[in-house]
$ cat coords_23.cif   # mmCIF, C-alpha atoms
data_data
#
loop_
_atom_site.label_atom_id
_atom_site.label_comp_id
_atom_site.auth_asym_id
_atom_site.auth_seq_id
_atom_site.Cartn_x
_atom_site.Cartn_y
_atom_site.Cartn_z
CA MET M 1 -184.78 -23.81 34.04
CA PRO M 2 -187.92 -24.87 35.95
CA ALA M 3 -188.24 -23.55 39.46
CA LEU M 4 -187.60 -25.62 42.54
CA THR M 5 -190.46 -25.09 44.97
CA PRO M 6 -189.84 -26.10 48.58
CA ILE M 7 -192.73 -27.55 50.57
CA GLU M 8 -193.22 -26.47 54.17
CA ILE M 9 -191.97 -29.09 56.64
CA ARG M 10 -194.56 -29.41 59.40
CA ALA M 11 -194.27 -31.64 62.46
CA GLU M 12 -197.92 -32.64 62.10
CA ASP M 13 -197.13 -34.15 58.70
CA LEU M 14 -193.82 -35.80 59.56
CA ASP M 15 -195.29 -37.31 62.72
CA ARG M 16 -197.81 -39.20 60.60
CA VAL M 17 -195.21 -40.95 58.46
CA ARG M 18 -194.47 -44.52 59.47
CA TYR M 19 -191.16 -46.12 58.54
CA ASP M 20 -190.49 -49.83 58.23
CA THR M 21 -187.99 -51.71 60.37
CA ASP M 22 -185.19 -50.42 58.13
CA GLY M 23 -186.36 -46.83 58.66
CA LEU M 24 -187.69 -46.57 55.11
CA VAL M 25 -190.98 -45.65 53.48
CA PRO M 26 -191.95 -46.31 49.85
CA ALA M 27 -192.33 -43.24 47.65
CA ILE M 28 -194.37 -43.36 44.44
CA VAL M 29 -193.45 -40.81 41.79
CA GLN M 30 -196.10 -39.65 39.34
CA GLU M 31 -195.70 -37.19 36.48
CA GLU M 32 -197.70 -33.99 36.67
CA GLY M 33 -199.99 -33.50 33.72
CA THR M 34 -199.84 -36.95 32.14
CA GLY M 35 -200.49 -38.76 35.43
CA ASP M 36 -198.00 -41.45 34.42
CA VAL M 37 -196.59 -43.43 37.33
CA LEU M 38 -192.86 -43.12 36.71
CA MET M 39 -191.19 -45.13 39.47
CA MET M 40 -191.21 -46.20 43.08
CA ALA M 41 -188.24 -45.79 45.39
CA TRP M 42 -187.53 -45.46 49.11
CA MET M 43 -186.95 -42.60 51.50
CA ASN M 44 -185.81 -42.33 55.08
CA GLU M 45 -186.70 -39.34 57.25
CA THR M 46 -183.57 -37.45 56.19
CA THR M 47 -184.19 -37.82 52.46
CA LEU M 48 -187.90 -37.05 52.93
CA ARG M 49 -186.97 -33.79 54.66
CA ARG M 50 -184.49 -32.98 51.88
CA THR M 51 -187.08 -33.72 49.21
CA LEU M 52 -189.51 -31.27 50.84
CA SER M 53 -186.97 -28.56 51.62
CA GLU M 54 -185.25 -28.69 48.21
CA GLY M 55 -188.34 -29.33 46.11
CA ARG M 56 -186.77 -32.24 44.22
CA THR M 57 -186.77 -35.93 44.98
CA VAL M 58 -184.00 -37.40 47.12
CA PHE M 59 -184.18 -41.12 47.88
CA TRP M 60 -182.33 -43.72 49.91
CA SER M 61 -180.70 -46.35 47.75
CA ARG M 62 -181.18 -49.73 49.40
CA SER M 63 -178.68 -51.41 47.09
CA ARG M 64 -175.95 -48.84 47.56
CA GLN M 65 -176.97 -47.88 51.12
CA GLU M 66 -176.53 -44.21 50.40
CA GLU M 67 -178.45 -41.06 49.66
CA TRP M 68 -179.56 -40.90 46.07
CA ARG M 69 -180.15 -37.39 44.76
CA LYS M 70 -182.24 -38.22 41.69
CA GLY M 71 -180.81 -36.53 38.63
CA ASP M 72 -177.42 -35.54 40.05
CA THR M 73 -175.74 -38.02 37.73
CA SER M 74 -178.29 -38.34 34.92
CA GLY M 75 -179.59 -34.78 34.90
CA ASP M 76 -183.09 -36.20 35.08
CA ARG M 77 -184.23 -34.36 38.19
CA GLN M 78 -187.77 -34.57 39.52
CA LEU M 79 -189.20 -31.23 40.63
CA VAL M 80 -191.87 -31.78 43.25
CA ARG M 81 -195.23 -30.14 42.62
CA ARG M 82 -197.27 -32.00 45.24
CA ALA M 83 -196.29 -34.36 48.05
CA ALA M 84 -198.80 -36.53 49.87
CA TYR M 85 -198.95 -39.37 52.38
CA ASP M 86 -201.56 -42.05 52.56
CA CYS M 87 -204.21 -42.84 55.17
CA ASP M 88 -201.86 -45.14 57.11
CA GLY M 89 -198.86 -42.86 56.67
CA ASP M 90 -196.82 -45.74 55.32
CA THR M 91 -196.63 -44.73 51.65
CA LEU M 92 -195.72 -41.39 50.03
CA LEU M 93 -196.77 -39.94 46.69
CA PHE M 94 -194.85 -37.25 44.82
CA VAL M 95 -196.29 -35.52 41.78
CA VAL M 96 -193.36 -34.14 39.84
CA GLU M 97 -192.15 -32.35 36.79
CA GLN M 98 -189.73 -34.85 35.28
CA GLU M 99 -186.67 -33.35 33.63
CA GLY M 100 -184.61 -35.00 30.91
CA ARG M 101 -185.48 -38.28 29.24
CA GLY M 102 -187.46 -39.79 32.04
CA ALA M 103 -187.28 -41.56 35.35
CA CYS M 104 -185.88 -45.00 34.48
CA HIS M 105 -182.22 -45.91 34.38
CA THR M 106 -182.96 -47.99 31.25
CA GLY M 107 -183.77 -44.84 29.32
CA ALA M 108 -187.51 -45.47 29.42
CA LYS M 109 -189.71 -42.62 30.63
CA SER M 110 -191.43 -44.83 33.22
CA CYS M 111 -189.98 -47.85 35.01
CA PHE M 112 -193.29 -49.68 34.42
CA TYR M 113 -192.78 -50.31 30.71
CA ARG M 114 -193.42 -54.07 30.83
CA ALA M 115 -196.95 -55.40 31.13
CA PHE M 116 -198.00 -58.82 32.40
CA GLY M 117 -199.38 -61.02 29.65
CA SER M 118 -198.27 -58.75 26.85
CA ASP M 119 -195.23 -58.20 24.69
CA ALA M 120 -196.34 -54.64 24.02
CA MET Y 1 -221.79 -55.06 35.97
CA PRO Y 2 -218.35 -54.33 34.51
CA ALA Y 3 -216.52 -57.29 33.08
CA LEU Y 4 -213.67 -59.05 34.84
CA THR Y 5 -210.85 -59.54 32.35
CA PRO Y 6 -208.21 -62.12 33.26
CA ILE Y 7 -204.62 -61.45 32.27
CA GLU Y 8 -202.53 -64.29 30.91
CA ILE Y 9 -200.11 -65.69 33.48
CA ARG Y 10 -196.75 -66.21 31.80
CA ALA Y 11 -193.68 -67.70 33.44
CA GLU Y 12 -191.49 -65.08 31.75
CA ASP Y 13 -193.38 -62.35 33.64
CA LEU Y 14 -193.63 -64.07 37.01
CA ASP Y 15 -189.96 -65.00 36.92
CA ARG Y 16 -189.06 -61.32 36.78
CA VAL Y 17 -190.92 -60.39 39.96
CA ARG Y 18 -188.72 -60.04 43.02
CA TYR Y 19 -190.21 -60.44 46.49
CA ASP Y 20 -188.79 -59.03 49.71
CA THR Y 21 -187.65 -61.16 52.62
CA ASP Y 22 -191.29 -61.52 53.70
CA GLY Y 23 -192.21 -62.80 50.23
CA LEU Y 24 -194.06 -59.57 49.39
CA VAL Y 25 -193.94 -57.00 46.60
CA PRO Y 26 -195.53 -53.52 46.70
CA ALA Y 27 -198.45 -52.97 44.32
CA ILE Y 28 -199.47 -49.47 43.26
CA VAL Y 29 -203.09 -49.07 42.17
CA GLN Y 30 -203.98 -46.32 39.71
CA GLU Y 31 -207.41 -45.44 38.36
CA GLU Y 32 -207.95 -45.85 34.65
CA GLY Y 33 -209.00 -42.65 32.93
CA THR Y 34 -208.32 -40.15 35.71
CA GLY Y 35 -204.81 -41.47 36.37
CA ASP Y 36 -205.34 -40.93 40.11
CA VAL Y 37 -203.06 -43.01 42.30
CA LEU Y 38 -205.56 -44.68 44.61
CA MET Y 39 -203.51 -46.76 47.03
CA MET Y 40 -200.50 -48.96 47.58
CA ALA Y 41 -200.71 -52.43 49.12
CA TRP Y 42 -198.75 -55.67 49.08
CA MET Y 43 -198.97 -58.96 47.19
CA ASN Y 44 -197.30 -62.31 47.52
CA GLU Y 45 -196.98 -64.69 44.58
CA THR Y 46 -200.30 -66.34 45.35
CA THR Y 47 -202.29 -63.10 45.45
CA LEU Y 48 -200.48 -61.80 42.37
CA ARG Y 49 -201.53 -64.93 40.47
CA ARG Y 50 -205.11 -64.53 41.73
CA THR Y 51 -205.15 -60.88 40.70
CA LEU Y 52 -204.11 -61.81 37.17
CA SER Y 53 -206.35 -64.86 36.82
CA GLU Y 54 -209.44 -63.21 38.29
CA GLY Y 55 -208.90 -59.75 36.85
CA ARG Y 56 -209.46 -57.97 40.18
CA THR Y 57 -206.97 -57.00 42.85
CA VAL Y 58 -206.19 -59.44 45.63
CA PHE Y 59 -203.61 -58.36 48.21
CA TRP Y 60 -201.83 -59.78 51.22
CA SER Y 61 -202.73 -57.95 54.42
CA ARG Y 62 -199.58 -57.52 56.49
CA SER Y 63 -201.53 -56.43 59.57
CA ARG Y 64 -203.99 -59.32 59.46
CA GLN Y 65 -201.58 -61.77 57.82
CA GLU Y 66 -204.24 -63.00 55.45
CA GLU Y 67 -205.42 -62.76 51.89
CA TRP Y 68 -207.36 -59.57 51.28
CA ARG Y 69 -209.78 -59.74 48.36
CA LYS Y 70 -210.29 -56.04 47.78
CA GLY Y 71 -214.00 -55.24 47.72
CA ASP Y 72 -215.34 -58.50 49.14
CA THR Y 73 -216.47 -56.64 52.27
CA SER Y 74 -216.85 -53.08 50.98
CA GLY Y 75 -218.09 -53.85 47.48
CA ASP Y 76 -215.39 -51.53 46.18
CA ARG Y 77 -213.68 -53.98 43.85
CA GLN Y 78 -210.85 -53.01 41.54
CA LEU Y 79 -211.14 -54.44 38.03
CA VAL Y 80 -207.71 -54.73 36.47
CA ARG Y 81 -207.28 -53.16 33.04
CA ARG Y 82 -203.47 -53.24 32.87
CA ALA Y 83 -200.85 -54.86 35.08
CA ALA Y 84 -197.17 -53.96 34.87
CA TYR Y 85 -193.91 -54.55 36.70
CA ASP Y 86 -190.99 -52.19 36.93
CA CYS Y 87 -187.46 -52.38 35.56
CA ASP Y 88 -186.16 -54.11 38.69
CA GLY Y 89 -189.23 -56.33 39.05
CA ASP Y 90 -189.65 -55.22 42.64
CA THR Y 91 -192.75 -53.02 42.27
CA LEU Y 92 -196.06 -53.70 40.52
CA LEU Y 93 -198.54 -51.28 38.97
CA PHE Y 94 -202.21 -52.03 38.40
CA VAL Y 95 -204.43 -49.73 36.37
CA VAL Y 96 -207.98 -50.44 37.45
CA GLU Y 97 -211.61 -49.57 37.13
CA GLN Y 98 -212.53 -48.71 40.72
CA GLU Y 99 -216.02 -49.75 41.77
CA GLY Y 100 -218.04 -48.14 44.54
CA ARG Y 101 -216.97 -45.08 46.50
CA GLY Y 102 -213.26 -45.45 46.12
CA ALA Y 103 -210.19 -47.29 47.33
CA CYS Y 104 -209.67 -45.95 50.85
CA HIS Y 105 -211.16 -47.45 53.99
CA THR Y 106 -211.76 -43.86 55.24
CA GLY Y 107 -214.32 -43.32 52.50
CA ALA Y 108 -211.97 -41.15 50.45
CA LYS Y 109 -211.53 -42.06 46.81
CA SER Y 110 -207.74 -42.15 47.10
CA CYS Y 111 -205.68 -42.99 50.18
CA PHE Y 112 -203.40 -40.02 49.34
CA TYR Y 113 -205.81 -37.28 50.41
CA ARG Y 114 -203.41 -35.49 52.74
CA ALA Y 115 -200.65 -33.27 51.33
CA PHE Y 116 -197.45 -32.24 53.05
CA GLY Y 117 -197.41 -28.56 53.95
CA SER Y 118 -201.09 -28.04 53.23
CA ASP Y 119 -204.41 -28.34 55.03
CA ALA Y 120 -206.18 -28.71 51.70
#

$ encode --input "coords_23.cif" --output "structure tokens"
Amino acid sequence: MPALTPIEIRAEDLDRVRYDTDGLVPAIVQEEGTGDVLMMAWMNETTLRRTLSEGRTVFWSRSRQEEWRKGDTSGDRQLVRRAAYDCDGDTLLFVVEQEGRGACHTGAKSCFYRAFGSDA
Amino acid sequence: MPALTPIEIRAEDLDRVRYDTDGLVPAIVQEEGTGDVLMMAWMNETTLRRTLSEGRTVFWSRSRQEEWRKGDTSGDRQLVRRAAYDCDGDTLLFVVEQEGRGACHTGAKSCFYRAFGSDA
């Protein structure tokens, strides 16, 4: 089983993250190696801290209004290999090792499987 | 000069895009070839249509509350090579050819140049 690798939680990093009026920040998830963008979901400060300390992605589900530990149900965990924040601190990027079939609840590897202007 | 390639605007695609209460949808921008995630910004339906019809990214600036034609000031345009929407239709992904120095207003190529837990 692949190793979970915690990332050090530093105040200087967390202080730079800006949350929206709902206390959430968008988190992009990209696959290590292929570079495929797998999905985008949301985190609050609690789930961001859990993601860093546990080394796997934990989101906040806006529809269910609850913590969403990615892979607990599906088995498709995302093991974090790099975590970054952008220049404005209002978007996060996680480079992960994707377990299982993929990231999308439809069964697709990436949630971005439909292209504008194309049936492919 | 690289070619601008419009993408066909189809009702079946646009109808699947869901905007937030401000009429905006997050748009991830990824570099073609390297796969680097360059930035994340926001679009409304008008700037999404412009992005597709012109073949370069056009965003909505939340801070300035105005259309933001990426590269008009900096020269760092983003030429769209693929445009996708996710399973829920609430996030967009643009794979682009990035002109100029890069995507970030700091001069960095990617806005995600700072990693959690690392000074690198």

$ residues_around --input "coords_23.cif" --residues "Val37 in chain M" --least-positions-apart "2" --cutoff "12 Å" --atoms "only C-alpha atoms" --output "ChimeraX atom specification"
/M:27-35,39-41,93-98,102-104,109-113 /Y:27-32,35-38,84-86,91-95

$ closest_residue --input "coords_23.cif" --among "Y:Gln78, Y:Thr46, Y:Thr73, Y:Thr106" --to "chain M" --atoms "all atoms listed in the file"
Y:Thr106

$ residues_around --input "coords_23.cif" --residues "range 4-19 of chain Y" --least-positions-apart "6" --cutoff "10 Å" --atoms "all atoms listed in the file" --output "ChimeraX atom specification"
/M:114-118 /Y:25-26,43-45,48-56,78-92,97

$ atom_distance --input "coords_23.cif" --atom1 "CA of Lys70 in chain Y" --atom2 "CA of Trp42 in chain M"
25.1 Å

$ residues_around --input "coords_23.cif" --residues "Trp68 in chain M" --least-positions-apart "5" --cutoff "9 Å" --atoms "only C-alpha atoms" --output "ChimeraX atom specification"
/M:47,57-61

$ atom_distance --input "coords_23.cif" --atom1 "CA of Arg77 in chain Y" --atom2 "CA of Glu99 in chain Y"
5.3 Å

$ atom_distance --input "coords_23.cif" --atom1 "CA of Asp119 in chain Y" --atom2 "CA of Ser63 in chain Y"
28.6 Å

$ decode --input "coords_23.cif" --residues "range 4-27 of chain Y" --atoms "N, CA, C and O atoms" --output "compact mmCIF listing (two decimals), in the first residue's frame"
# COMPACT_ATOMS: atom_id res chain seq x y z
N LEU Y 4 -4.91 31.51 -33.30
CA LEU Y 4 -6.07 31.45 -32.42
C LEU Y 4 -7.06 30.48 -33.04
O LEU Y 4 -7.41 30.62 -34.21
N THR Y 5 -7.54 29.52 -32.27
CA THR Y 5 -8.43 28.50 -32.80
C THR Y 5 -9.75 28.52 -32.04
O THR Y 5 -9.81 28.07 -30.89
N PRO Y 6 -10.78 29.09 -32.65
CA PRO Y 6 -12.09 29.11 -31.98
C PRO Y 6 -12.60 27.71 -31.72
O PRO Y 6 -12.27 26.77 -32.45
N ILE Y 7 -13.42 27.60 -30.68
CA ILE Y 7 -14.07 26.33 -30.36
C ILE Y 7 -15.57 26.53 -30.56
O ILE Y 7 -16.14 27.54 -30.13
N GLU Y 8 -16.18 25.57 -31.21
CA GLU Y 8 -17.61 25.68 -31.53
C GLU Y 8 -18.45 25.85 -30.26
O GLU Y 8 -18.28 25.10 -29.29
N ILE Y 9 -19.31 26.83 -30.25
CA ILE Y 9 -20.20 27.06 -29.12
C ILE Y 9 -21.50 26.28 -29.38
O ILE Y 9 -22.22 26.54 -30.34
N ARG Y 10 -21.74 25.29 -28.53
CA ARG Y 10 -22.92 24.45 -28.68
C ARG Y 10 -23.82 24.61 -27.46
O ARG Y 10 -23.35 24.59 -26.30
N ALA Y 11 -25.11 24.71 -27.70
CA ALA Y 11 -26.06 24.87 -26.60
C ALA Y 11 -25.97 23.70 -25.62
O ALA Y 11 -26.06 23.88 -24.41
N GLU Y 12 -25.74 22.50 -26.16
CA GLU Y 12 -25.68 21.32 -25.28
C GLU Y 12 -24.53 21.42 -24.28
O GLU Y 12 -24.61 20.85 -23.19
N ASP Y 13 -23.45 22.10 -24.64
CA ASP Y 13 -22.35 22.32 -23.70
C ASP Y 13 -22.69 23.43 -22.71
O ASP Y 13 -22.60 23.26 -21.50
N LEU Y 14 -23.10 24.57 -23.26
CA LEU Y 14 -23.34 25.73 -22.39
C LEU Y 14 -24.44 25.44 -21.37
O LEU Y 14 -24.39 25.91 -20.24
N ASP Y 15 -25.42 24.64 -21.78
CA ASP Y 15 -26.53 24.32 -20.88
C ASP Y 15 -26.08 23.50 -19.67
O ASP Y 15 -26.78 23.42 -18.67
N ARG Y 16 -24.94 22.87 -19.79
CA ARG Y 16 -24.45 22.02 -18.70
C ARG Y 16 -23.60 22.79 -17.69
O ARG Y 16 -23.21 22.23 -16.67
N VAL Y 17 -23.27 24.03 -18.00
CA VAL Y 17 -22.42 24.81 -17.10
C VAL Y 17 -23.28 25.46 -16.01
O VAL Y 17 -24.31 26.07 -16.29
N ARG Y 18 -22.84 25.26 -14.77
CA ARG Y 18 -23.58 25.82 -13.64
C ARG Y 18 -22.77 26.95 -13.02
O ARG Y 18 -21.62 26.77 -12.64
N TYR Y 19 -23.41 28.09 -12.86
CA TYR Y 19 -22.77 29.27 -12.29
C TYR Y 19 -23.16 29.41 -10.82
O TYR Y 19 -24.23 28.98 -10.42
N ASP Y 20 -22.28 30.05 -10.05
CA ASP Y 20 -22.61 30.26 -8.63
C ASP Y 20 -23.58 31.44 -8.49
O ASP Y 20 -24.06 31.98 -9.50
N THR Y 21 -23.86 31.82 -7.28
CA THR Y 21 -24.87 32.87 -7.06
C THR Y 21 -24.43 34.23 -7.61
O THR Y 21 -25.25 35.11 -7.81
N ASP Y 22 -23.12 34.37 -7.86
CA ASP Y 22 -22.62 35.59 -8.50
C ASP Y 22 -22.57 35.46 -10.03
O ASP Y 22 -22.07 36.36 -10.71
N GLY Y 23 -23.04 34.33 -10.53
CA GLY Y 23 -23.03 34.11 -11.98
C GLY Y 23 -21.65 33.71 -12.51
O GLY Y 23 -21.36 33.88 -13.69
N LEU Y 24 -20.81 33.17 -11.63
CA LEU Y 24 -19.43 32.85 -12.01
C LEU Y 24 -19.14 31.36 -11.88
O LEU Y 24 -19.77 30.65 -11.09
N VAL Y 25 -18.15 30.91 -12.66
CA VAL Y 25 -17.70 29.52 -12.60
C VAL Y 25 -16.16 29.54 -12.59
O VAL Y 25 -15.55 30.31 -13.33
N PRO Y 26 -15.53 28.72 -11.74
CA PRO Y 26 -14.07 28.70 -11.70
C PRO Y 26 -13.50 28.04 -12.96
O PRO Y 26 -14.05 27.05 -13.44
N ALA Y 27 -12.39 28.61 -13.44
CA ALA Y 27 -11.74 28.10 -14.66
C ALA Y 27 -10.27 27.84 -14.36
O ALA Y 27 -9.51 28.75 -14.07
